[in-house]
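Just entry-v5.cif here, mmCIF, C-alpha atoms:
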data_structure
#
loop_
_atom_site.label_atom_id
_atom_site.label_comp_id
_atom_site.auth_asym_id
_atom_site.auth_seq_id
_atom_site.Cartn_x
_atom_site.Cartn_y
_atom_site.Cartn_z
CA MET S 5 -68.11 27.42 12.31
CA SER S 6 -65.44 27.97 14.97
CA ASP S 7 -64.34 24.32 14.81
CA ILE S 8 -64.27 24.45 11.00
CA LEU S 9 -62.23 27.67 11.07
CA SER S 10 -59.72 26.29 13.56
CA ALA S 11 -59.26 23.11 11.55
CA ALA S 12 -58.94 24.96 8.24
CA LEU S 13 -56.40 27.44 9.60
CA ALA S 14 -54.39 24.58 11.09
CA GLY S 15 -54.30 22.75 7.75
CA ALA S 16 -56.21 19.79 9.16
CA PRO S 17 -56.22 16.61 7.04
CA ALA S 18 -59.17 15.79 4.85
CA ASP S 19 -60.65 13.15 7.15
CA GLU S 20 -60.68 15.56 10.08
CA LEU S 21 -62.37 18.31 8.06
CA ALA S 22 -64.84 15.84 6.58
CA GLY S 23 -65.72 14.64 10.07
CA LEU S 24 -66.72 18.07 11.30
CA PRO S 25 -70.46 18.74 11.03
CA LEU S 26 -71.50 21.53 8.70
CA PRO S 27 -73.56 24.33 10.22
CA ASP S 28 -77.27 24.55 9.49
CA SER S 29 -76.80 28.25 8.67
CA TYR S 30 -73.99 30.63 7.85
CA ARG S 31 -73.28 34.35 7.71
CA GLY S 32 -73.65 36.02 4.30
CA ALA S 33 -73.84 39.48 2.75
CA LEU S 34 -77.18 39.80 1.02
CA VAL S 35 -79.83 42.00 -0.50
CA ARG S 36 -83.54 41.42 0.14
CA ARG S 37 -86.25 40.95 -2.47
CA SER S 38 -88.51 43.20 -0.40
CA ASP S 39 -86.04 46.10 -0.81
CA MET S 40 -86.01 46.18 -4.62
CA ALA S 41 -87.88 49.49 -4.80
CA MET S 42 -86.00 51.24 -2.00
CA PHE S 43 -83.99 53.49 -4.35
CA GLU S 44 -86.71 54.32 -6.89
CA GLY S 45 -86.47 57.88 -8.20
CA MET S 46 -82.86 58.33 -7.05
CA GLU S 47 -79.78 58.91 -9.20
CA SER S 48 -77.20 56.11 -9.16
CA SER S 49 -74.74 58.23 -7.20
CA GLU S 50 -77.34 58.75 -4.46
CA LYS S 51 -78.00 55.03 -3.96
CA ASP S 52 -76.10 53.77 -0.93
CA PRO S 53 -75.00 50.11 -0.65
CA ARG S 54 -74.63 50.61 3.09
CA THR S 55 -78.42 50.70 3.40
CA SER S 56 -79.21 47.77 1.11
CA LEU S 57 -76.48 45.23 1.94
CA HIS S 58 -77.11 43.22 5.09
CA VAL S 59 -75.00 40.59 6.84
CA GLU S 60 -77.30 37.89 8.20
CA ASP S 61 -77.44 34.17 8.91
CA VAL S 62 -79.02 32.16 6.10
CA PRO S 63 -79.72 28.41 5.72
CA LEU S 64 -77.01 26.24 4.19
CA PRO S 65 -78.28 24.96 0.81
CA GLU S 66 -78.25 21.31 -0.15
CA LEU S 67 -75.19 20.22 -2.15
CA ALA S 68 -75.68 19.19 -5.80
CA PRO S 69 -73.58 16.32 -7.26
CA ASP S 70 -71.33 18.65 -9.29
CA GLU S 71 -70.75 21.18 -6.51
CA ALA S 72 -68.45 21.85 -3.58
CA ILE S 73 -69.03 23.62 -0.29
CA LEU S 74 -66.22 25.96 0.73
CA ALA S 75 -65.23 27.69 3.92
CA VAL S 76 -64.63 31.19 2.58
CA MET S 77 -61.61 32.83 4.15
CA ALA S 78 -61.79 36.01 2.09
CA SER S 79 -63.64 37.57 -0.82
CA SER S 80 -63.64 40.91 -2.62
CA ILE S 81 -65.85 43.66 -3.98
CA ASN S 82 -66.55 43.84 -7.71
CA PHE S 83 -68.72 46.25 -9.64
CA ASN S 84 -71.37 43.58 -10.04
CA THR S 85 -71.81 43.54 -6.24
CA VAL S 86 -72.34 47.29 -6.37
CA TRP S 87 -74.90 46.86 -9.16
CA THR S 88 -76.75 44.22 -7.15
CA SER S 89 -76.73 46.42 -4.05
CA ILE S 90 -78.29 49.40 -5.85
CA PHE S 91 -80.64 47.22 -7.96
CA GLU S 92 -79.18 48.45 -11.26
CA PRO S 93 -79.61 48.12 -14.13
CA LEU S 94 -82.16 45.51 -12.98
CA PRO S 95 -82.75 43.81 -9.63
CA THR S 96 -80.85 40.53 -9.67
CA PHE S 97 -83.84 38.59 -8.35
CA GLY S 98 -85.03 38.35 -11.94
CA PHE S 99 -81.83 36.45 -12.76
CA LEU S 100 -82.41 34.07 -9.86
CA ASP S 101 -86.01 33.43 -10.86
CA ARG S 102 -84.99 32.57 -14.44
CA LEU S 103 -82.23 30.26 -13.21
CA ALA S 104 -84.76 28.48 -10.98
CA LYS S 105 -86.72 27.31 -14.03
CA GLU S 106 -83.86 25.08 -15.20
CA GLY S 107 -84.50 22.25 -12.75
CA PRO S 108 -84.70 21.15 -9.11
CA TRP S 109 -81.13 22.10 -8.21
CA ALA S 110 -81.49 25.46 -9.94
CA ALA S 111 -84.72 26.10 -8.03
CA ARG S 112 -82.68 26.53 -4.82
CA HIS S 113 -81.49 29.93 -6.05
CA ALA S 114 -84.88 31.70 -6.19
CA LEU S 115 -85.10 32.98 -2.63
CA ASP S 116 -86.25 36.14 -0.90
CA TYR S 117 -82.60 37.07 -0.42
CA HIS S 118 -79.53 37.06 -2.65
CA VAL S 119 -76.13 36.26 -1.11
CA VAL S 120 -73.70 38.21 -3.29
CA GLY S 121 -70.02 38.09 -4.20
CA SER S 122 -68.15 36.83 -7.28
CA ASP S 123 -64.70 36.17 -5.79
CA ALA S 124 -63.55 33.84 -3.02
CA ALA S 125 -60.54 32.08 -1.56
CA GLY S 126 -61.08 29.28 0.89
CA VAL S 127 -60.97 25.60 1.82
CA VAL S 128 -63.07 22.77 0.40
CA LEU S 129 -65.34 21.30 3.09
CA ARG S 130 -67.50 18.92 1.04
CA THR S 131 -67.67 17.69 -2.53
CA GLY S 132 -70.66 16.32 -4.44
CA SER S 133 -70.77 12.75 -5.69
CA ALA S 134 -69.77 13.78 -9.25
CA VAL S 135 -66.71 15.85 -8.28
CA ARG S 136 -63.45 14.20 -9.38
CA ASN S 137 -60.57 16.69 -9.33
CA TRP S 138 -61.02 18.29 -5.91
CA LYS S 139 -61.10 16.94 -2.38
CA VAL S 140 -61.89 18.10 1.12
CA GLY S 141 -59.06 20.28 2.48
CA ASP S 142 -57.96 21.72 -0.86
CA LYS S 143 -57.10 25.41 -0.73
CA VAL S 144 -58.76 27.10 -3.68
CA THR S 145 -59.83 30.27 -5.37
CA VAL S 146 -63.08 30.54 -7.32
CA HIS S 147 -63.73 31.94 -10.77
CA CYS S 148 -67.22 33.18 -11.49
CA ASN S 149 -68.22 31.51 -14.78
CA TYR S 150 -71.38 29.61 -13.83
CA VAL S 151 -72.26 27.34 -16.72
CA ASP S 152 -74.21 24.15 -17.44
CA ASP S 153 -71.70 21.83 -19.12
CA GLN S 154 -74.51 19.52 -20.33
CA ASP S 155 -75.70 22.21 -22.73
CA PRO S 156 -73.99 21.83 -26.15
CA SER S 157 -73.71 25.59 -26.49
CA ALA S 158 -71.36 25.55 -23.48
CA HIS S 159 -68.64 23.71 -25.39
CA ASP S 160 -65.90 25.13 -27.60
CA ASP S 161 -66.07 28.35 -25.58
CA SER S 162 -68.27 28.21 -22.49
CA MET S 163 -68.70 31.98 -22.49
CA LEU S 164 -70.90 31.45 -25.54
CA ALA S 165 -73.25 29.16 -23.62
CA ALA S 166 -76.90 30.03 -23.98
CA ASN S 167 -77.34 29.92 -20.21
CA GLN S 168 -73.94 31.27 -19.11
CA ARG S 169 -74.14 33.22 -15.85
CA ILE S 170 -71.89 34.99 -13.36
CA TRP S 171 -71.80 33.27 -9.97
CA GLY S 172 -72.84 35.49 -7.08
CA PHE S 173 -74.45 37.97 -9.47
CA GLU S 174 -76.78 35.88 -11.60
CA SER S 175 -76.77 32.98 -9.13
CA ASN S 176 -77.25 32.82 -5.37
CA PHE S 177 -74.91 31.66 -2.57
CA GLY S 178 -72.06 34.01 -3.56
CA GLY S 179 -68.62 34.47 -2.07
CA LEU S 180 -69.18 37.34 0.37
CA ALA S 181 -70.03 34.88 3.11
CA ASP S 182 -68.49 32.44 5.56
CA VAL S 183 -69.59 29.53 3.35
CA THR S 184 -70.32 29.30 -0.35
CA VAL S 185 -71.56 26.65 -2.78
CA VAL S 186 -69.88 26.53 -6.22
CA LYS S 187 -69.67 24.22 -9.18
CA ALA S 188 -66.53 22.09 -9.26
CA ASN S 189 -65.56 23.62 -12.59
CA GLN S 190 -65.20 27.00 -10.88
CA LEU S 191 -62.35 25.87 -8.64
CA MET S 192 -58.69 26.76 -9.12
CA PRO S 193 -55.59 26.36 -6.90
CA LYS S 194 -54.96 29.10 -4.36
CA PRO S 195 -51.64 30.91 -4.98
CA ALA S 196 -49.52 29.50 -2.16
CA HIS S 197 -47.40 32.62 -1.63
CA LEU S 198 -50.39 34.89 -1.06
CA SER S 199 -52.51 35.47 2.01
CA TRP S 200 -56.20 34.67 1.90
CA GLU S 201 -57.19 38.27 1.19
CA GLU S 202 -54.49 38.68 -1.46
CA ALA S 203 -55.61 35.47 -3.18
CA ALA S 204 -59.29 36.43 -3.09
CA VAL S 205 -59.11 39.61 -5.18
CA ASN S 206 -57.78 38.21 -8.46
CA ALA S 207 -60.05 35.73 -10.20
CA LEU S 208 -62.80 37.89 -11.67
CA CYS S 209 -60.77 40.87 -12.87
CA ASN S 210 -57.59 38.99 -13.77
CA SER S 211 -59.49 36.44 -15.86
CA THR S 212 -61.48 39.19 -17.58
CA ALA S 213 -58.33 41.13 -18.48
CA TYR S 214 -56.58 37.94 -19.66
CA ARG S 215 -59.38 37.06 -22.07
CA MET S 216 -59.58 40.63 -23.36
CA LEU S 217 -55.90 40.92 -24.15
CA VAL S 218 -54.10 37.57 -24.27
CA SER S 219 -56.63 34.93 -25.31
CA PRO S 220 -57.41 34.10 -28.95
CA ASN S 221 -60.97 35.06 -27.98
CA GLY S 222 -59.82 38.62 -27.28
CA ALA S 223 -57.47 41.10 -28.88
CA ARG S 224 -54.63 38.59 -29.44
CA MET S 225 -51.95 40.91 -28.06
CA THR S 226 -48.45 40.30 -29.43
CA GLN S 227 -44.99 41.47 -28.47
CA GLY S 228 -44.44 45.15 -29.19
CA ASP S 229 -48.12 46.08 -29.18
CA LYS S 230 -48.97 49.44 -27.69
CA VAL S 231 -52.04 49.05 -25.47
CA LEU S 232 -54.09 51.94 -24.12
CA VAL S 233 -55.62 51.01 -20.74
CA TRP S 234 -58.34 53.15 -19.22
CA GLY S 235 -58.56 53.10 -15.42
CA ALA S 236 -55.11 51.53 -15.32
CA SER S 237 -54.78 51.59 -11.53
CA GLY S 238 -58.21 50.05 -10.91
CA GLY S 239 -59.32 46.47 -10.51
CA LEU S 240 -59.41 45.61 -14.22
CA GLY S 241 -56.78 48.01 -15.47
CA SER S 242 -54.14 46.97 -12.96
CA PHE S 243 -54.27 43.41 -14.29
CA ALA S 244 -54.35 44.63 -17.88
CA VAL S 245 -51.12 46.61 -17.63
CA GLN S 246 -49.41 43.62 -15.99
CA HIS S 247 -50.45 41.32 -18.84
CA VAL S 248 -49.17 43.88 -21.36
CA LEU S 249 -45.83 44.16 -19.59
CA ASN S 250 -45.51 40.36 -19.26
CA GLY S 251 -46.35 39.93 -22.95
CA GLY S 252 -43.67 42.30 -24.22
CA GLY S 253 -46.05 45.15 -25.01
CA THR S 254 -46.12 48.80 -24.04
CA PRO S 255 -48.99 49.83 -21.77
CA ILE S 256 -50.26 53.39 -21.84
CA GLY S 257 -52.14 53.87 -18.60
CA VAL S 258 -54.86 56.48 -18.11
CA VAL S 259 -55.51 57.47 -14.49
CA SER S 260 -56.90 60.42 -12.56
CA SER S 261 -54.29 61.62 -10.06
CA PRO S 262 -50.53 62.04 -9.52
CA GLU S 263 -50.70 59.35 -6.84
CA LYS S 264 -52.06 56.87 -9.36
CA VAL S 265 -49.33 57.86 -11.81
CA ALA S 266 -46.73 57.07 -9.14
CA LEU S 267 -48.36 53.70 -8.41
CA LEU S 268 -48.22 52.69 -12.07
CA ASN S 269 -44.63 53.86 -12.37
CA ASP S 270 -43.73 51.61 -9.43
CA LEU S 271 -45.55 48.76 -11.17
CA GLY S 272 -43.33 49.28 -14.22
CA VAL S 273 -45.64 51.34 -16.44
CA GLU S 274 -43.63 54.24 -17.87
CA ALA S 275 -46.25 55.84 -20.15
CA VAL S 276 -49.04 57.25 -17.97
CA ILE S 277 -51.56 60.01 -18.63
CA ASP S 278 -53.21 61.88 -15.77
CA ARG S 279 -56.54 62.69 -17.41
CA ARG S 280 -57.53 65.19 -14.74
CA ALA S 281 -54.30 67.13 -15.12
CA ALA S 282 -54.80 67.07 -18.90
CA ASN S 283 -58.42 68.16 -18.33
CA TYR S 284 -59.82 66.37 -21.38
CA ALA S 285 -63.37 67.39 -22.24
CA PHE S 286 -64.45 64.67 -24.68
CA TRP S 287 -68.06 65.84 -24.36
CA SER S 288 -68.78 69.54 -24.92
CA ASP S 289 -72.33 68.94 -23.67
CA GLU S 290 -74.58 65.98 -22.87
CA HIS S 291 -75.19 65.21 -26.54
CA THR S 292 -72.06 66.42 -28.35
CA GLN S 293 -68.51 65.09 -28.41
CA ASP S 294 -65.52 67.30 -29.21
CA GLU S 295 -63.22 65.80 -31.85
CA SER S 296 -60.53 68.39 -31.10
CA GLU S 297 -60.23 66.84 -27.64
CA TRP S 298 -59.90 63.39 -29.19
CA ARG S 299 -57.07 64.78 -31.31
CA ARG S 300 -55.35 66.30 -28.29
CA PHE S 301 -55.63 62.98 -26.49
CA GLY S 302 -54.18 61.12 -29.49
CA LYS S 303 -51.30 63.57 -29.71
CA ASP S 304 -50.49 63.03 -26.02
CA ILE S 305 -50.40 59.26 -26.58
CA ARG S 306 -48.06 59.59 -29.55
CA GLY S 307 -45.84 61.90 -27.52
CA LEU S 308 -45.42 59.20 -24.90
CA VAL S 309 -44.95 56.06 -27.00
CA GLY S 310 -44.24 57.31 -30.54
CA GLY S 311 -47.35 55.91 -32.15
CA GLU S 312 -50.98 54.93 -31.81
CA PRO S 313 -52.17 51.97 -29.71
CA GLN S 314 -52.91 48.77 -31.59
CA ILE S 315 -55.26 47.78 -28.74
CA VAL S 316 -57.53 49.87 -26.53
CA PHE S 317 -58.67 48.24 -23.28
CA GLU S 318 -62.13 49.79 -22.87
CA HIS S 319 -64.47 49.55 -19.90
CA PRO S 320 -65.68 53.10 -18.98
CA GLY S 321 -68.09 53.10 -21.93
CA ARG S 322 -70.02 56.22 -22.86
CA GLN S 323 -67.58 58.84 -21.61
CA THR S 324 -64.55 57.39 -23.41
CA MET S 325 -65.63 55.23 -26.35
CA GLY S 326 -65.53 58.07 -28.87
CA ALA S 327 -61.97 58.90 -27.88
CA SER S 328 -61.02 55.20 -27.85
CA VAL S 329 -62.23 54.60 -31.41
CA PHE S 330 -60.46 57.74 -32.60
CA ALA S 331 -57.14 57.08 -30.83
CA CYS S 332 -56.83 53.42 -31.83
CA ALA S 333 -54.35 52.65 -34.60
CA ARG S 334 -55.40 51.74 -38.14
CA ALA S 335 -56.63 48.10 -38.16
CA GLY S 336 -56.47 48.11 -34.36
CA THR S 337 -58.91 46.63 -31.85
CA ILE S 338 -61.01 48.30 -29.19
CA VAL S 339 -61.93 45.49 -26.78
CA THR S 340 -64.67 46.28 -24.28
CA CYS S 341 -66.08 44.41 -21.28
CA ALA S 342 -68.15 47.02 -19.46
CA ALA S 343 -69.65 50.49 -19.49
CA THR S 344 -69.29 51.94 -16.02
CA SER S 345 -69.95 55.51 -17.23
CA GLY S 346 -72.99 54.53 -19.32
CA TYR S 347 -73.84 51.83 -21.84
CA MET S 348 -75.47 53.92 -24.59
CA ILE S 349 -72.33 54.39 -26.68
CA GLU S 350 -71.58 57.03 -29.33
CA TYR S 351 -68.56 57.30 -31.61
CA ASP S 352 -67.76 58.57 -35.10
CA ASN S 353 -68.16 55.50 -37.28
CA ARG S 354 -66.00 57.02 -40.04
CA HIS S 355 -62.93 56.53 -37.85
CA LEU S 356 -63.90 52.87 -37.44
CA TRP S 357 -64.76 51.77 -40.95
CA MET S 358 -62.37 53.93 -42.95
CA LYS S 359 -59.39 52.82 -40.86
CA LEU S 360 -60.53 49.19 -40.60
CA LYS S 361 -60.72 49.17 -36.81
CA THR S 362 -62.65 46.59 -34.79
CA ILE S 363 -64.77 46.89 -31.66
CA LYS S 364 -64.80 43.53 -29.89
CA GLY S 365 -67.03 42.60 -26.98
CA SER S 366 -65.63 40.47 -24.18
CA HIS S 367 -67.25 39.00 -21.07
CA PHE S 368 -65.39 37.35 -18.21
CA ALA S 369 -63.51 34.15 -19.28
CA ASN S 370 -63.93 30.45 -19.84
CA TYR S 371 -62.40 27.88 -17.46
CA ARG S 372 -59.19 27.49 -19.48
CA GLU S 373 -58.63 31.24 -19.64
CA ALA S 374 -59.39 31.69 -15.93
CA TRP S 375 -57.07 28.80 -15.07
CA ASP S 376 -54.20 30.17 -17.18
CA ALA S 377 -54.65 33.64 -15.69
CA ASN S 378 -54.63 32.11 -12.20
CA GLN S 379 -51.42 30.22 -12.96
CA LEU S 380 -49.69 33.53 -13.65
CA VAL S 381 -50.71 34.66 -10.16
CA CYS S 382 -49.55 31.34 -8.69
CA GLN S 383 -46.16 31.81 -10.34
CA GLY S 384 -45.80 35.36 -9.00
CA LYS S 385 -45.88 36.86 -12.49
CA VAL S 386 -49.08 38.81 -11.81
CA LEU S 387 -49.37 40.77 -8.57
CA PRO S 388 -52.57 41.08 -6.53
CA PRO S 389 -53.79 44.72 -6.65
CA LEU S 390 -55.09 44.61 -3.07
CA SER S 391 -55.33 48.14 -1.72
CA ALA S 392 -57.65 47.84 1.30
CA VAL S 393 -59.27 45.17 3.45
CA TYR S 394 -62.61 45.24 5.26
CA ASN S 395 -64.36 42.76 7.52
CA LEU S 396 -67.53 41.08 6.25
CA ALA S 397 -69.56 43.06 8.80
CA ASP S 398 -68.47 46.22 6.96
CA VAL S 399 -69.24 44.98 3.45
CA GLY S 400 -71.64 47.89 2.83
CA GLU S 401 -68.86 50.43 3.37
CA ALA S 402 -66.52 48.42 1.13
CA ALA S 403 -69.13 48.43 -1.65
CA TYR S 404 -69.68 52.15 -1.11
CA GLN S 405 -65.97 52.76 -1.68
CA VAL S 406 -66.11 50.93 -5.01
CA HIS S 407 -69.38 52.57 -6.02
CA HIS S 408 -67.79 56.02 -5.66
CA ASN S 409 -64.37 55.06 -7.02
CA LEU S 410 -62.64 55.94 -3.75
CA HIS S 411 -60.13 53.10 -4.00
CA GLU S 412 -57.23 51.80 -6.07
CA GLY S 413 -56.94 48.24 -7.32
CA LYS S 414 -59.22 45.84 -5.45
CA ILE S 415 -60.83 45.87 -2.00
CA GLY S 416 -60.60 42.59 -0.11
CA VAL S 417 -63.11 41.37 2.47
CA LEU S 418 -62.22 39.03 5.34
CA CYS S 419 -64.92 36.41 5.80
CA LEU S 420 -63.87 33.53 8.07
CA ALA S 421 -60.23 34.63 8.25
CA PRO S 422 -59.92 36.42 11.61
CA THR S 423 -56.99 38.63 10.63
CA GLU S 424 -54.97 39.63 7.61
CA GLY S 425 -51.78 37.87 6.57
CA LEU S 426 -52.93 34.27 7.09
CA GLY S 427 -52.73 31.46 4.53
CA ILE S 428 -49.18 32.02 3.19
CA ASP S 429 -47.80 28.51 2.50
CA ASP S 430 -44.84 29.39 0.25
CA PRO S 431 -42.81 32.16 1.90
CA GLU S 432 -39.83 31.34 -0.33
CA LEU S 433 -41.72 32.27 -3.50
CA ARG S 434 -43.10 35.35 -1.75
CA ALA S 435 -39.56 36.44 -0.88
CA LYS S 436 -38.46 35.78 -4.46
CA VAL S 437 -41.28 37.91 -5.88
CA GLY S 438 -40.56 40.53 -3.23
CA GLU S 439 -42.69 41.67 -0.32
CA ASP S 440 -42.62 45.23 -1.64
CA ARG S 441 -43.96 44.00 -4.98
CA VAL S 442 -46.68 41.79 -3.51
CA THR S 443 -47.92 44.62 -1.28
CA LEU S 444 -47.39 47.45 -3.78
CA PHE S 445 -51.04 48.50 -4.03
CA ARG S 446 -51.54 48.21 -0.29
CA ARG S 447 -48.60 50.50 0.39
CA HIS S 448 -49.84 53.05 -2.13
CA GLY S 449 -53.36 52.79 -0.73
CA ALA S 450 -52.25 53.32 2.85
#

If you convert what's in this file into structure tokens, what do you get?
Amino acid sequence: MSDILSAALAGAPADELAGLPLPDSYRGALVRRSDMAMFEGMESSEKDPRTSLHVEDVPLPELAPDEAILAVMASSINFNTVWTSIFEPLPTFGFLDRLAKEGPWAARHALDYHVVGSDAAGVVLRTGSAVRNWKVGDKVTVHCNYVDDQDPSAHDDSMLAANQRIWGFESNFGGLADVTVVKANQLMPKPAHLSWEEAAVNALCNSTAYRMLVSPNGARMTQGDKVLVWGASGGLGSFAVQHVLNGGGTPIGVVSSPEKVALLNDLGVEAVIDRRAANYAFWSDEHTQDESEWRRFGKDIRGLVGGEPQIVFEHPGRQTMGASVFACARAGTIVTCAATSGYMIEYDNRHLWMKLKTIKGSHFANYREAWDANQLVCQGKVLPPLSAVYNLADVGEAAYQVHHNLHEGKIGVLCLAPTEGLGIDDPELRAKVGEDRVTLFRRHGA
């Protein structure tokens, strides 16, 4: 791997990279099938990714015709890595076993270990015989929509495919590793003005937020829309508020500290609610929601932006859905992609049907949506919300930070990249965007 790393960092030509032998094994962050029961009887908050995530050498899998092998310079932590590491809501080995039934190439994924990670930035080392648009030496990022394009249900919108999966979560050989294997239709250009770690944190969350808000498959945001964004300084929310600002809308960010308010203000978000300072109590007990608190929340929103949000960007789930449905404007849309506070949702249906509101489900993004979202990063119009960087050896601690919401934005993980700050090929664009802007989340997270 040292020769591959040296050549990749030096920008070696394709023939030189192609002439270097691939290693028989590589270092990856993984969970073990034998550990699936290790947290039984424990509450989610007690389950510790630092005890279940291991960094070990694993065999390099054989390359399928439609795949590429990448040298991974950097990756990032997403909530799905946390879920895998604590074996919730189900151990991911069940996903791998089901994938394995689809054919000989799919059978590679059903192993006694699961290499995790659904983001990556790196260099193409090999391409399969069916790969047309990418070549050895290309600098790329990876989106995580893992789909069989020979299935008719995968066309029109591949997120509707009957066998659609998330790479590194529902498939093996993920991005938290020195090497990864991906389908060619997961590859996108690396933003040239960003470092490896800055480039690695965008694809999953940025694409998800883009589909939720901008795409015709989502809420179809238009200029002037007021958009309520929960967790607006986090991995998803930080991209959401940027898309709202870029699209001529008004984001209303909900965060949990004065420091997060200041971060959003620096990002350009003027309307921000500190929910802890407001001390909202949407639930009066485990089974009962308090409509008076919904009303107080709605009044605070109107006081900031002069009206109700046409769109609510929802991902906390159980704790906030009742308030989201109530606060949304008449005929507005609550678009949801997750349920980090619980997936058994309750809300007052009268506020939905009598005011003609819509709850719309959204899940990651198709290739076109991911590509378009990535182009906004490449153009410097969307900033990477990188707030901290860990080495791959410390991936358990990085996942722990995300599990307990101890971070802002996204946490990057250096894989093959030996230090931060490498991989910047367009310093002119970086200077145009502004170093202070590119590193905004890092400075606030310091």

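Selecting by distance to (-58.4, 66.3, -29.5) with a limit of 10 Å and using all atoms listed in the file, one obtains Tyr284, Ala285, Phe286, Asp294, Glu295, Ser296, Glu297, Trp298, Arg299, Arg300, Phe301, Gly302, Lys303, Asp304, Ala327, Phe330 and Ala331 of chain S.
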
*What separation in Å, quoted to one decimal, exists between atom CA of Gly15 of chain S and atom CA of Val183 of chain S?*
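Those two atoms sit 17.3 Å apart.
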
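Among the candidate residues S:Val146, S:His118, S:Gly126, S:Phe317, the one lying nearest to Ala421 of chain S is S:Gly126, with distances computed using all atoms listed in the file.
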
Would you translate the PyMOL selection byres ((chain S and resi 154) around 12) into the concrete set of residues it matches in this file, as a PDB file with C-alpha atoms, in the frame of the given file?
ATOM      1  CA  ASP S  70     -71.330  18.650  -9.290  1.00  0.00           C
ATOM      2  CA  VAL S 151     -72.260  27.340 -16.720  1.00  0.00           C
ATOM      3  CA  ASP S 152     -74.210  24.150 -17.440  1.00  0.00           C
ATOM      4  CA  ASP S 153     -71.700  21.830 -19.120  1.00  0.00           C
ATOM      5  CA  ASP S 155     -75.700  22.210 -22.730  1.00  0.00           C
ATOM      6  CA  PRO S 156     -73.990  21.830 -26.150  1.00  0.00           C
ATOM      7  CA  SER S 157     -73.710  25.590 -26.490  1.00  0.00           C
ATOM      8  CA  ALA S 158     -71.360  25.550 -23.480  1.00  0.00           C
ATOM      9  CA  HIS S 159     -68.640  23.710 -25.390  1.00  0.00           C
ATOM     10  CA  SER S 162     -68.270  28.210 -22.490  1.00  0.00           C
ATOM     11  CA  ALA S 165     -73.250  29.160 -23.620  1.00  0.00           C
ATOM     12  CA  ALA S 166     -76.900  30.030 -23.980  1.00  0.00           C
ATOM     13  CA  ASN S 167     -77.340  29.920 -20.210  1.00  0.00           C
ATOM     14  CA  GLN S 168     -73.940  31.270 -19.110  1.00  0.00           C
TER      15      GLN S 168
END

*To verify the selection step, state as a PyMOL selection string which residues the PyMOL selection byres ((chain S and resi 406) around 12) yields on this input.*
chain S and resi 49+52-54+80-87+89+238-239+344+391-392+399-405+407-416

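For Leu129 of chain S, the non-local neighbours within 8 Å, defined as residues at least 6 positions apart in the same chain or in other chains and counting all atoms listed in the file, are Leu21, Ala22, Ala72, Ile73, Leu74, Ala75, Val140 and Gly141 of chain S.
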
*Nearest residue to Met325 of chain S from the set S:Ser242, S:Ser345, S:Ser38, S:Thr423 (distances using all atoms listed in the file)*: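 Between S:Ser242, S:Ser345, S:Ser38, S:Thr423, the residue approaching Met325 of chain S most closely is S:Ser345.
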
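Using the PyMOL selection byres ((chain S and resi 43) around 10) on the file at hand returns these residues: Asp39, Met40, Ala41, Met42, Glu44, Gly45, Met46, Glu47, Ser48, Glu50, Lys51, Asp52, Thr55, Ser56, Ile90, Phe91 and Glu92 of chain S.
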
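The shell of residues at most 8 Å from Gly346 of chain S, with all atoms listed in the file counted and near chain neighbours (fewer than 5 positions) removed, consists of Pro320, Gly321, Arg322 and Gln323 of chain S.
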
*Which residues come within 9 Å of Leu268 of chain S, counting only C-alpha atoms, excluding same-chain residues fewer than 6 positions away, as a VMD selection string?*
chain S and resid 236 to 237 242 245 257 274 to 276

*Using only C-alpha atoms, which residues sit within 6 Å of Ala369 of chain S once same-chain residues fewer than 6 positions away are excluded, as a list in words?*
Ser211, Thr212 and Arg215 of chain S

*Distance atom CA of Asp61 of chain S-atom CA of Glu20 of chain S, one decimal place?*
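Answer for the atom CA of Asp61 of chain S to atom CA of Glu20 of chain S separation: 25.1 Å.
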
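Take atom CA of Pro195 of chain S and atom CA of Asp270 of chain S: the distance between them is 22.6 Å.
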
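Distances here use only C-alpha atoms; by that measure, the residue among S:Ala244, S:Ile8, S:Leu26, S:Val35 closest to Pro95 of chain S is S:Val35.
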
*Between S:Leu13, S:Ala342, S:Ala281, S:Ile428, which has the minimum distance to Ser261 of chain S (counting all atoms listed in the file)?*
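Under the stated criterion, the closest residue is S:Ala281.
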
_Need to verify the contact set: Gly336 of chain S, 8 Å, only C-alpha atoms, exclusion of same-chain residues closer than 3 positions in sequence. Can you return it as a list of chain:residue names?_
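In the requested format, the answer is S:Pro313, S:Gln314, S:Ile315, S:Cys332, S:Ala333, S:Leu360, S:Lys361, S:Thr362.
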
*Restricting the calculation to only C-alpha atoms, which member of S:Val265, S:Leu164, S:Leu249, S:Leu9 is positioned closest to Ser366 of chain S?*
S:Leu164

*Between S:Tyr214, S:Trp171, S:Leu64, S:Val248, single out the one closest to Cys341 of chain S, counting only C-alpha atoms.*
S:Tyr214

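At a cut-off of 10 Å from (-71.6, 19.8, -2.6), the residue set is S:Pro65, S:Glu66, S:Leu67, S:Ala68, S:Pro69, S:Asp70, S:Glu71, S:Ala72, S:Ile73, S:Leu74, S:Val128, S:Leu129, S:Arg130, S:Thr131, S:Gly132, S:Ser133, S:Ala134, S:Val135, S:Thr184, S:Val185, S:Val186, S:Lys187, S:Ala188 (counting only C-alpha atoms).
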